[in-house]
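S.K.: Submitted below is the structure of interest, expressed as structure tokens.
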2 protein chains.
Amino acid sequence: MADKIESIAILGGTGDLGGGLARQWSRAGYRILIGSRTLEKGKAAAASLLAEFPDLNVTGHENLDAAEQADIVVLTVPFAHQISTLETVKSALTGKILIDVTVPLVPPKVGTVQLPPGGSAAMAAQALLGDAAQVVSAFQNVGAQHLREDHKIACDVLVSGDKRTARDTVIELVEAVGLRGWHAGPLANSVAAEAMTSVLITINRLHKIDGSGIVITGEPVKA
Amino acid sequence: MADKIESIAILGGTGDLGGGLARQWSRAGYRILIGSRTLEKGKAAAASLLAEFPDLNVTGHENLDAAEQADIVVLTVPFAHQISTLETVKSALTGKILIDVTVPLVPPKVGTVQLPPGGSAAMAAQALLGDAAQVVSAFQNVGAQHLREDHKIACDVLVSGDKRTARDTVIELVEAVGLRGWHAGPLANSVAAEAMTSVLITINRLHKIDGSGIVITGEPVKA
């Protein structure tokens with residue numbers, strides 16, 4: 001595992017959330033490798049970001065190439081492509097952290113919790129990858145608009161994973177995009193964040209809220 | 001179903017959260033029936049509340065008696081007693097709303113999400129009760145200290161249930177104890193709140209927070 005994270009592969013970096021993370025992390029000084037199913041789409045996504053923000057350190061790649069070159073890999077593809085994308089890049093993940101952003105939404109009822117058998121999408125990812133890679137679940141509850149500077153809303157990030165050091169690394173990356181990250185416990189606890197996204201979709205609809213999120217409250221324990 | 005809720009049975013009203021709800025709802029003008037496994041324990045719990053707050057409208061009962069007399073029934077017993085308590089009171093729940101507060105914590109790893117097969121404790125309750133009663137899930141993420149006036153912390157309540165009118169009734173009761181209630185969607189979405197409790201327990205431990213909770217953020221959609 002890289003001692004210090006300098007480069008980040010974002011698989012599915014052509015989406016709204018992937019693009020938002022790419023922009024924020026690049027501004028924070030990380031080298032970003034946008035991955036897509038084809039080199040052309042990856043390059044187009046990178047070019048689109050560079051057209052808007054010419055100073056970003058962003059390049060476009062095919063998913064496997066991006067995963068091989070980066071210190072850490074972030075998966076932001078739709079649920080339907082999660083497993084197939086992981087199978088493509090599995091060989092490149094040995095010794096690395098995979099940040100799984102997958103939310104197992106099942107259309108048309110995306111406002112109803114429908115987690116995969118066995119627990120969560122992140123647990124399915126870890127099962128597929130085995131012990132060679134550390135899966136850490138994060139960012140499920142962050143709408144893409146939370147990463148736009150003109151639409152900043154408080155939203156915390158629950159970070160689940162079986163190794164505390166891996167969660168520490170991810171929390172550092174969460175803070176690099178200006179959000180608050182929390183140790184949410186072992187990977188089994190990714191169920192909470194994955195399920196919460198359907199709840200937030202329901203709240204948006206029934207309470208007419210724009211991009212609802214969650215914030216953790218509480219007071220520090222008195223010494 | 002009672003058109004207007006005037007009386008509330010709290011099964012497990014001898015616990016911290018049940019006692020806190022009893023106090024707040026009683027102050028809000030509801031008649032409270034504390035239920036316990038024995039009449040003696042129910043009466044003792046009611047007496048204990050009355051000793052502290054003599055003006056409360058609280059009586060003690062055996063669980064089935066409390067459920068029969070009340071307009072709405074709240075289940076706040078430990079997970080291990082959820083199903084056996086429901087079997088005891090099932091006959092009294094026809095046409096009523098059951099507010100299920102159960103959190104399926106499995107000692108010793110209460111900080112690890114371990115939901116029951118089939119989804120959630122609330123879904124198990126609905127399966128046991130059938131269509132005769134409406135199960136609504138609420139209050140899983142509220143620590144008992146949130147109901148004490150000297151320790152008020154922001155904590156929202158996710159309200160899941162298959163009928164919107166039943167959720168409306170419960171949200172009214174949530175607001176009566178001074179908390180914000182949200183339509184969290186169908187009962188399947190109770191997975192999110194039940195799982196979140198283990199996450200909050202983990203956050204309390206690893207971030208040294210006293211009684212962490214969640215708050216929903218977001219802005220009203222512009223007309």
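Residue numbering restarts at 1 in every chain; chains get A, B, ... in the order shown in the structure tokens, and ligands count up from 1 in that same order.
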Taking only C-alpha atoms into account, produce a table as a tab-separated table in which each residue of chain A with an atom at most 8 Å from an atom of chain B appears once, together with its shortest atom pair and the distance in Å to one decimal, ordered by chain and rising number.
M.R.:
```
residue	atom	partner	partner_atom	distance
A:Gly111	CA	B:Gly185	CA	7.1
A:Thr112	CA	B:Asn189	CA	6.2
A:Val113	CA	B:Asn189	CA	5.2
A:Gln114	CA	B:Ala188	CA	7.9
A:Ile153	CA	B:Gly218	CA	6.6
A:Ala154	CA	B:Thr217	CA	6.6
A:Cys155	CA	B:Thr217	CA	7.1
A:Trp182	CA	B:Ile203	CA	6.9
A:His183	CA	B:Ile203	CA	6.2
A:Ala184	CA	B:Val199	CA	5.1
A:Gly185	CA	B:Thr202	CA	5.9
A:Pro186	CA	B:Thr112	CA	6.7
A:Ala188	CA	B:Val113	CA	6.0
A:Asn189	CA	B:Val113	CA	5.2
A:Val191	CA	B:Ala195	CA	6.6
A:Ala192	CA	B:Ala195	CA	4.9
A:Ala193	CA	B:Ala192	CA	7.4
A:Glu194	CA	B:Ala192	CA	8.0
A:Ala195	CA	B:Ala192	CA	4.9
A:Met196	CA	B:Ala192	CA	5.2
A:Ser198	CA	B:Asn189	CA	7.5
A:Val199	CA	B:Ala184	CA	5.1
A:Leu200	CA	B:Ala184	CA	7.5
A:Thr202	CA	B:Gly185	CA	5.9
A:Ile203	CA	B:Ala184	CA	6.1
A:Leu206	CA	B:His183	CA	6.9
A:His207	CA	B:His183	CA	7.6
A:Lys208	CA	B:Val221	CA	5.5
A:Ile209	CA	B:Pro220	CA	4.4
A:Asp210	CA	B:Val221	CA	5.1
A:Gly211	CA	B:Gly218	CA	5.7
A:Ser212	CA	B:Gly218	CA	4.3
A:Gly213	CA	B:Thr217	CA	5.0
A:Ile214	CA	B:Ile216	CA	4.6
A:Val215	CA	B:Val215	CA	5.2
A:Ile216	CA	B:Ile214	CA	4.6
A:Thr217	CA	B:Gly213	CA	5.0
A:Gly218	CA	B:Ser212	CA	4.2
A:Glu219	CA	B:Asp210	CA	5.4
A:Pro220	CA	B:Ile209	CA	4.4
A:Val221	CA	B:Asp210	CA	5.1
```
S.K.: Fewer than 5 positions away in the same chain doesn't count, so skip those; otherwise give me all residues within 7 Å of range 97-103 of chain A, counting only C-alpha atoms, as a PyMOL selection string.
M.R.: chain A and resi 72-79+121-122+133-140+166+194
S.K.: Take the residues from that selection and put them in a file with all heavy atoms, as a compact mmCIF listing (two decimals), in the first residue's frame.
M.R.:
```txt
# COMPACT_ATOMS: atom_id res chain seq x y z
N ILE A 72 -4.21 4.86 -5.25
CA ILE A 72 -5.49 4.47 -4.65
C ILE A 72 -6.56 4.54 -5.74
O ILE A 72 -6.41 5.31 -6.69
CB ILE A 72 -5.83 5.38 -3.43
CG1 ILE A 72 -6.91 4.78 -2.54
CG2 ILE A 72 -6.21 6.78 -3.89
CD1 ILE A 72 -7.04 5.48 -1.19
N VAL A 73 -7.59 3.72 -5.62
CA VAL A 73 -8.58 3.61 -6.69
C VAL A 73 -9.98 3.87 -6.13
O VAL A 73 -10.34 3.32 -5.08
CB VAL A 73 -8.53 2.20 -7.34
CG1 VAL A 73 -9.57 2.07 -8.44
CG2 VAL A 73 -7.12 1.92 -7.88
N VAL A 74 -10.74 4.69 -6.82
CA VAL A 74 -12.09 5.05 -6.39
C VAL A 74 -13.09 4.56 -7.44
O VAL A 74 -12.93 4.83 -8.62
CB VAL A 74 -12.22 6.59 -6.24
CG1 VAL A 74 -13.58 6.95 -5.67
CG2 VAL A 74 -11.10 7.13 -5.37
N LEU A 75 -14.11 3.83 -6.97
CA LEU A 75 -15.10 3.26 -7.89
C LEU A 75 -16.40 4.05 -7.79
O LEU A 75 -17.08 4.00 -6.76
CB LEU A 75 -15.33 1.79 -7.53
CG LEU A 75 -16.21 0.99 -8.48
CD1 LEU A 75 -15.55 0.85 -9.85
CD2 LEU A 75 -16.51 -0.39 -7.90
N THR A 76 -16.74 4.78 -8.86
CA THR A 76 -17.96 5.60 -8.83
C THR A 76 -18.90 5.23 -9.99
O THR A 76 -19.68 6.07 -10.42
CB THR A 76 -17.63 7.11 -8.92
OG1 THR A 76 -17.12 7.40 -10.23
CG2 THR A 76 -16.62 7.52 -7.87
N VAL A 77 -18.81 3.99 -10.45
CA VAL A 77 -19.71 3.58 -11.56
C VAL A 77 -21.10 3.24 -11.01
O VAL A 77 -21.26 3.01 -9.81
CB VAL A 77 -19.13 2.35 -12.30
CG1 VAL A 77 -17.74 2.67 -12.87
CG2 VAL A 77 -19.06 1.13 -11.39
N PRO A 78 -22.11 3.22 -11.90
CA PRO A 78 -23.44 2.79 -11.44
C PRO A 78 -23.40 1.36 -10.92
O PRO A 78 -22.57 0.56 -11.34
CB PRO A 78 -24.29 2.88 -12.71
CG PRO A 78 -23.55 3.83 -13.62
CD PRO A 78 -22.11 3.63 -13.31
N PHE A 79 -24.33 1.06 -10.00
CA PHE A 79 -24.41 -0.27 -9.37
C PHE A 79 -24.37 -1.38 -10.41
O PHE A 79 -23.68 -2.40 -10.23
CB PHE A 79 -25.70 -0.33 -8.55
CG PHE A 79 -25.96 -1.66 -7.89
CD1 PHE A 79 -24.95 -2.33 -7.19
CD2 PHE A 79 -27.22 -2.23 -7.94
CE1 PHE A 79 -25.21 -3.54 -6.56
CE2 PHE A 79 -27.48 -3.44 -7.31
CZ PHE A 79 -26.47 -4.10 -6.63
N ALA A 121 -23.21 -3.55 -1.22
CA ALA A 121 -22.40 -3.56 -2.45
C ALA A 121 -20.92 -3.58 -2.10
O ALA A 121 -20.12 -4.26 -2.75
CB ALA A 121 -22.74 -2.34 -3.30
N ALA A 122 -20.54 -2.87 -1.04
CA ALA A 122 -19.12 -2.82 -0.66
C ALA A 122 -18.64 -4.19 -0.17
O ALA A 122 -17.51 -4.60 -0.45
CB ALA A 122 -18.91 -1.77 0.44
N ALA A 133 -6.87 -6.71 -1.66
CA ALA A 133 -7.18 -5.28 -1.65
C ALA A 133 -8.05 -4.95 -0.44
O ALA A 133 -8.76 -5.81 0.08
CB ALA A 133 -7.91 -4.89 -2.93
N GLN A 134 -7.94 -3.72 0.03
CA GLN A 134 -8.74 -3.25 1.15
C GLN A 134 -9.89 -2.41 0.62
O GLN A 134 -9.65 -1.30 0.13
CB GLN A 134 -7.89 -2.39 2.08
CG GLN A 134 -7.06 -3.17 3.07
CD GLN A 134 -7.94 -3.91 4.07
OE1 GLN A 134 -8.93 -3.37 4.54
NE2 GLN A 134 -7.58 -5.15 4.37
N VAL A 135 -11.12 -2.88 0.77
CA VAL A 135 -12.26 -2.08 0.35
C VAL A 135 -12.68 -1.15 1.49
O VAL A 135 -12.82 -1.59 2.64
CB VAL A 135 -13.46 -2.96 -0.06
CG1 VAL A 135 -14.68 -2.11 -0.41
CG2 VAL A 135 -13.07 -3.86 -1.24
N VAL A 136 -12.83 0.12 1.16
CA VAL A 136 -13.35 1.10 2.12
C VAL A 136 -14.55 1.77 1.46
O VAL A 136 -14.48 2.20 0.31
CB VAL A 136 -12.28 2.15 2.49
CG1 VAL A 136 -12.88 3.22 3.39
CG2 VAL A 136 -11.09 1.48 3.17
N SER A 137 -15.65 1.81 2.17
CA SER A 137 -16.90 2.37 1.65
C SER A 137 -17.03 3.83 2.08
O SER A 137 -16.83 4.15 3.26
CB SER A 137 -18.06 1.54 2.20
OG SER A 137 -19.29 2.22 2.05
N ALA A 138 -17.35 4.70 1.14
CA ALA A 138 -17.48 6.13 1.48
C ALA A 138 -18.25 6.88 0.40
O ALA A 138 -18.39 6.40 -0.71
CB ALA A 138 -16.10 6.76 1.65
N PHE A 139 -18.73 8.06 0.75
CA PHE A 139 -19.33 9.04 -0.18
C PHE A 139 -20.73 8.68 -0.68
O PHE A 139 -21.25 9.37 -1.56
CB PHE A 139 -18.43 9.27 -1.41
CG PHE A 139 -17.12 9.93 -1.10
CD1 PHE A 139 -15.94 9.21 -1.18
CD2 PHE A 139 -17.07 11.26 -0.72
CE1 PHE A 139 -14.72 9.82 -0.91
CE2 PHE A 139 -15.85 11.88 -0.44
CZ PHE A 139 -14.68 11.15 -0.54
N GLN A 140 -21.35 7.61 -0.14
CA GLN A 140 -22.67 7.21 -0.67
C GLN A 140 -23.75 8.30 -0.51
O GLN A 140 -24.70 8.35 -1.27
CB GLN A 140 -23.18 5.94 0.04
CG GLN A 140 -22.57 4.65 -0.46
CD GLN A 140 -21.17 4.44 0.07
OE1 GLN A 140 -20.77 5.08 1.04
NE2 GLN A 140 -20.42 3.57 -0.56
N ALA A 166 -6.62 1.97 6.83
CA ALA A 166 -7.21 2.25 5.50
C ALA A 166 -8.30 3.31 5.64
O ALA A 166 -8.41 4.22 4.80
CB ALA A 166 -7.77 0.96 4.90
N GLU A 194 -25.21 2.83 2.56
CA GLU A 194 -25.85 2.44 1.29
C GLU A 194 -27.37 2.52 1.39
O GLU A 194 -28.04 2.97 0.46
CB GLU A 194 -25.40 1.02 0.89
CG GLU A 194 -23.92 0.95 0.50
CD GLU A 194 -23.50 -0.41 -0.06
OE1 GLU A 194 -24.39 -1.22 -0.41
OE2 GLU A 194 -22.28 -0.66 -0.16
```
S.K.: Within 9 Å of Asp55 in chain A, counting only C-alpha atoms, which residues show up once you throw out same-chain ones fewer than 4 positions away? Write them as a PDB file with N, CA and C atoms, in the first residue's frame, please.
M.R.:
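Ended up saving to result.pdb:
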```
ATOM      1  N   SER A  26      -8.032  17.231  -7.352  1.00  0.00           N
ATOM      2  CA  SER A  26      -6.980  17.818  -8.171  1.00  0.00           C
ATOM      3  C   SER A  26      -6.576  19.172  -7.606  1.00  0.00           C
ATOM      4  N   ARG A  27      -7.549  19.966  -7.219  1.00  0.00           N
ATOM      5  CA  ARG A  27      -7.259  21.270  -6.613  1.00  0.00           C
ATOM      6  C   ARG A  27      -6.498  21.130  -5.300  1.00  0.00           C
ATOM      7  N   LEU A  50     -10.759  19.709 -17.994  1.00  0.00           N
ATOM      8  CA  LEU A  50      -9.686  20.672 -18.261  1.00  0.00           C
ATOM      9  C   LEU A  50     -10.209  21.907 -18.990  1.00  0.00           C
TER      10      LEU A  50
END
```
S.K.: What is the CA of Glu52 in chain B to CA of Asp71 in chain B distance in Å?
M.R.: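 So the two atoms, CA of Glu52 in chain B and CA of Asp71 in chain B, lie 25.5 Å apart.
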S.K.: Mind pulling up the distance from CA of Ala46 in chain A to CA of Gly178 in chain A?
M.R.: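 Here the two named atoms are 21.8 Å from each other.
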S.K.: Write out as a ChimeraX atom specification which residues come within 12 Å of Gly13 in chain A when counting only C-alpha atoms, dropping same-chain ones fewer than 5 positions away.
M.R.: /A:8,18-23,32-38,41-49,58-63,66,73-78,101
S.K.: Please identify which residues in range 33-69 of chain B DSSP calls strand (DSSP E) from the backbone, and express them as a ChimeraX atom specification.
M.R.: /B:33-36,58-62
S.K.: Please produce an output containing N, CA and C atoms for each residue in the selection, written as a PDB file, in the first residue's frame.
M.R.:
```
ATOM      1  N   LEU B  33     -49.522   4.917  29.129  1.00  0.00           N
ATOM      2  CA  LEU B  33     -49.664   3.635  29.815  1.00  0.00           C
ATOM      3  C   LEU B  33     -48.332   2.904  29.687  1.00  0.00           C
ATOM      4  N   ILE B  34     -47.616   2.821  30.796  1.00  0.00           N
ATOM      5  CA  ILE B  34     -46.338   2.111  30.782  1.00  0.00           C
ATOM      6  C   ILE B  34     -46.620   0.615  30.874  1.00  0.00           C
ATOM      7  N   GLY B  35     -46.120  -0.140  29.903  1.00  0.00           N
ATOM      8  CA  GLY B  35     -46.305  -1.584  29.941  1.00  0.00           C
ATOM      9  C   GLY B  35     -45.019  -2.290  30.321  1.00  0.00           C
ATOM     10  N   SER B  36     -45.182  -3.391  31.047  1.00  0.00           N
ATOM     11  CA  SER B  36     -44.021  -4.211  31.375  1.00  0.00           C
ATOM     12  C   SER B  36     -44.450  -5.673  31.392  1.00  0.00           C
ATOM     13  N   VAL B  58     -49.544   9.290  33.948  1.00  0.00           N
ATOM     14  CA  VAL B  58     -48.879   8.018  33.661  1.00  0.00           C
ATOM     15  C   VAL B  58     -49.423   6.931  34.578  1.00  0.00           C
ATOM     16  N   THR B  59     -49.736   5.773  33.987  1.00  0.00           N
ATOM     17  CA  THR B  59     -50.137   4.619  34.797  1.00  0.00           C
ATOM     18  C   THR B  59     -49.325   3.395  34.386  1.00  0.00           C
ATOM     19  N   GLY B  60     -49.230   2.430  35.308  1.00  0.00           N
ATOM     20  CA  GLY B  60     -48.449   1.225  35.031  1.00  0.00           C
ATOM     21  C   GLY B  60     -49.330   0.019  34.773  1.00  0.00           C
ATOM     22  N   HIS B  61     -48.916  -0.832  33.841  1.00  0.00           N
ATOM     23  CA  HIS B  61     -49.729  -1.972  33.414  1.00  0.00           C
ATOM     24  C   HIS B  61     -48.860  -3.151  33.025  1.00  0.00           C
ATOM     25  N   GLU B  62     -49.522  -4.288  32.865  1.00  0.00           N
ATOM     26  CA  GLU B  62     -48.914  -5.415  32.176  1.00  0.00           C
ATOM     27  C   GLU B  62     -49.027  -5.094  30.675  1.00  0.00           C
TER      28      GLU B  62
END
```
S.K.: Could you find all residues in range 42-211 of chain A that DSSP calls helix (DSSP H, G or I) from the backbone, and write them as a short mmCIF file (atom, residue, chain, number, x, y, z; two decimals) with C-alpha atoms, in the first residue's frame?
M.R.:
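Saved file part_22.cif follows:
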```cif
data_model
loop_
_atom_site.label_atom_id
_atom_site.label_comp_id
_atom_site.auth_asym_id
_atom_site.auth_seq_id
_atom_site.Cartn_x
_atom_site.Cartn_y
_atom_site.Cartn_z
CA GLY A 42 -11.69 8.61 -20.31
CA LYS A 43 -9.80 11.18 -22.40
CA ALA A 44 -13.03 13.00 -23.23
CA ALA A 45 -13.95 13.22 -19.53
CA ALA A 46 -10.50 14.57 -18.68
CA ALA A 47 -10.67 17.07 -21.53
CA SER A 48 -14.09 18.23 -20.37
CA LEU A 49 -12.77 18.91 -16.86
CA LEU A 50 -9.69 20.67 -18.26
CA ALA A 51 -11.82 22.87 -20.50
CA GLU A 52 -13.60 24.14 -17.41
CA ASN A 63 -10.09 1.70 -16.31
CA LEU A 64 -7.36 -0.95 -15.90
CA ASP A 65 -4.60 1.44 -16.92
CA ALA A 66 -5.85 4.09 -14.46
CA ALA A 67 -6.03 1.54 -11.62
CA GLU A 68 -2.53 0.25 -12.35
CA GLN A 69 -0.92 3.67 -12.32
CA PHE A 79 -24.41 -0.27 -9.37
CA ALA A 80 -25.18 -2.27 -12.52
CA HIS A 81 -21.52 -1.95 -13.62
CA GLN A 82 -19.85 -2.38 -10.22
CA ILE A 83 -18.93 -6.06 -10.42
CA SER A 84 -17.96 -6.07 -14.11
CA THR A 85 -15.70 -3.05 -13.58
CA LEU A 86 -14.04 -4.68 -10.55
CA GLU A 87 -13.41 -7.85 -12.56
CA THR A 88 -11.64 -5.73 -15.18
CA VAL A 89 -9.32 -4.01 -12.69
CA LYS A 90 -8.93 -6.69 -10.02
CA SER A 91 -5.32 -7.52 -10.98
CA ALA A 92 -4.32 -3.87 -10.47
CA ALA A 121 -22.40 -3.56 -2.45
CA ALA A 122 -19.12 -2.82 -0.66
CA MET A 123 -19.13 -6.25 1.01
CA ALA A 124 -19.75 -7.82 -2.41
CA ALA A 125 -16.72 -5.90 -3.72
CA GLN A 126 -14.51 -7.17 -0.89
CA ALA A 127 -15.73 -10.72 -1.46
CA LEU A 128 -14.81 -10.46 -5.14
CA LEU A 129 -11.37 -8.93 -4.47
CA GLY A 130 -10.41 -11.18 -1.55
CA ASP A 131 -7.70 -10.18 0.88
CA ALA A 132 -5.41 -8.65 -1.72
CA ALA A 144 -22.77 15.69 -6.65
CA GLN A 145 -24.01 19.20 -5.91
CA HIS A 146 -22.24 19.07 -2.53
CA LEU A 147 -18.95 19.19 -4.40
CA GLU A 149 -18.57 25.51 -4.75
CA ASP A 150 -21.73 27.43 -5.59
CA HIS A 151 -23.92 24.90 -3.81
CA ARG A 164 -8.52 1.38 10.66
CA THR A 165 -5.38 2.58 8.83
CA ALA A 166 -7.21 2.25 5.50
CA ARG A 167 -10.13 4.26 6.91
CA ASP A 168 -7.66 6.91 8.13
CA THR A 169 -6.28 7.25 4.60
CA VAL A 170 -9.79 7.65 3.17
CA ILE A 171 -10.84 10.14 5.84
CA GLU A 172 -7.86 12.26 4.82
CA LEU A 173 -9.16 12.23 1.24
CA VAL A 174 -12.68 13.07 2.44
CA GLU A 175 -11.31 16.09 4.26
CA ALA A 176 -9.36 17.09 1.14
CA LEU A 187 -17.13 -2.88 6.24
CA ALA A 188 -20.36 -4.57 7.43
CA ASN A 189 -21.45 -1.08 8.51
CA SER A 190 -21.50 0.08 4.89
CA VAL A 191 -25.10 -1.18 5.01
CA ALA A 192 -26.06 2.01 6.86
CA ALA A 193 -24.67 4.45 4.29
CA GLU A 194 -25.85 2.44 1.29
CA ALA A 195 -29.37 2.17 2.72
CA MET A 196 -29.40 5.84 3.73
CA THR A 197 -29.15 6.98 0.11
CA SER A 198 -32.63 5.60 -0.66
CA VAL A 199 -33.90 7.35 2.47
CA LEU A 200 -32.40 10.65 1.29
CA ILE A 201 -33.95 10.18 -2.17
CA THR A 202 -37.32 9.67 -0.43
CA ILE A 203 -36.81 12.74 1.75
CA ASN A 204 -35.95 14.84 -1.31
CA ARG A 205 -39.21 13.76 -2.92
CA LEU A 206 -41.65 13.83 0.00
#
```
S.K.: Which value, in Å to one decimal, gives the distance between CA of Lys96 in chain B and CA of Ile5 in chain B?
M.R.: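 Interatomic distance here is 10.4 Å.
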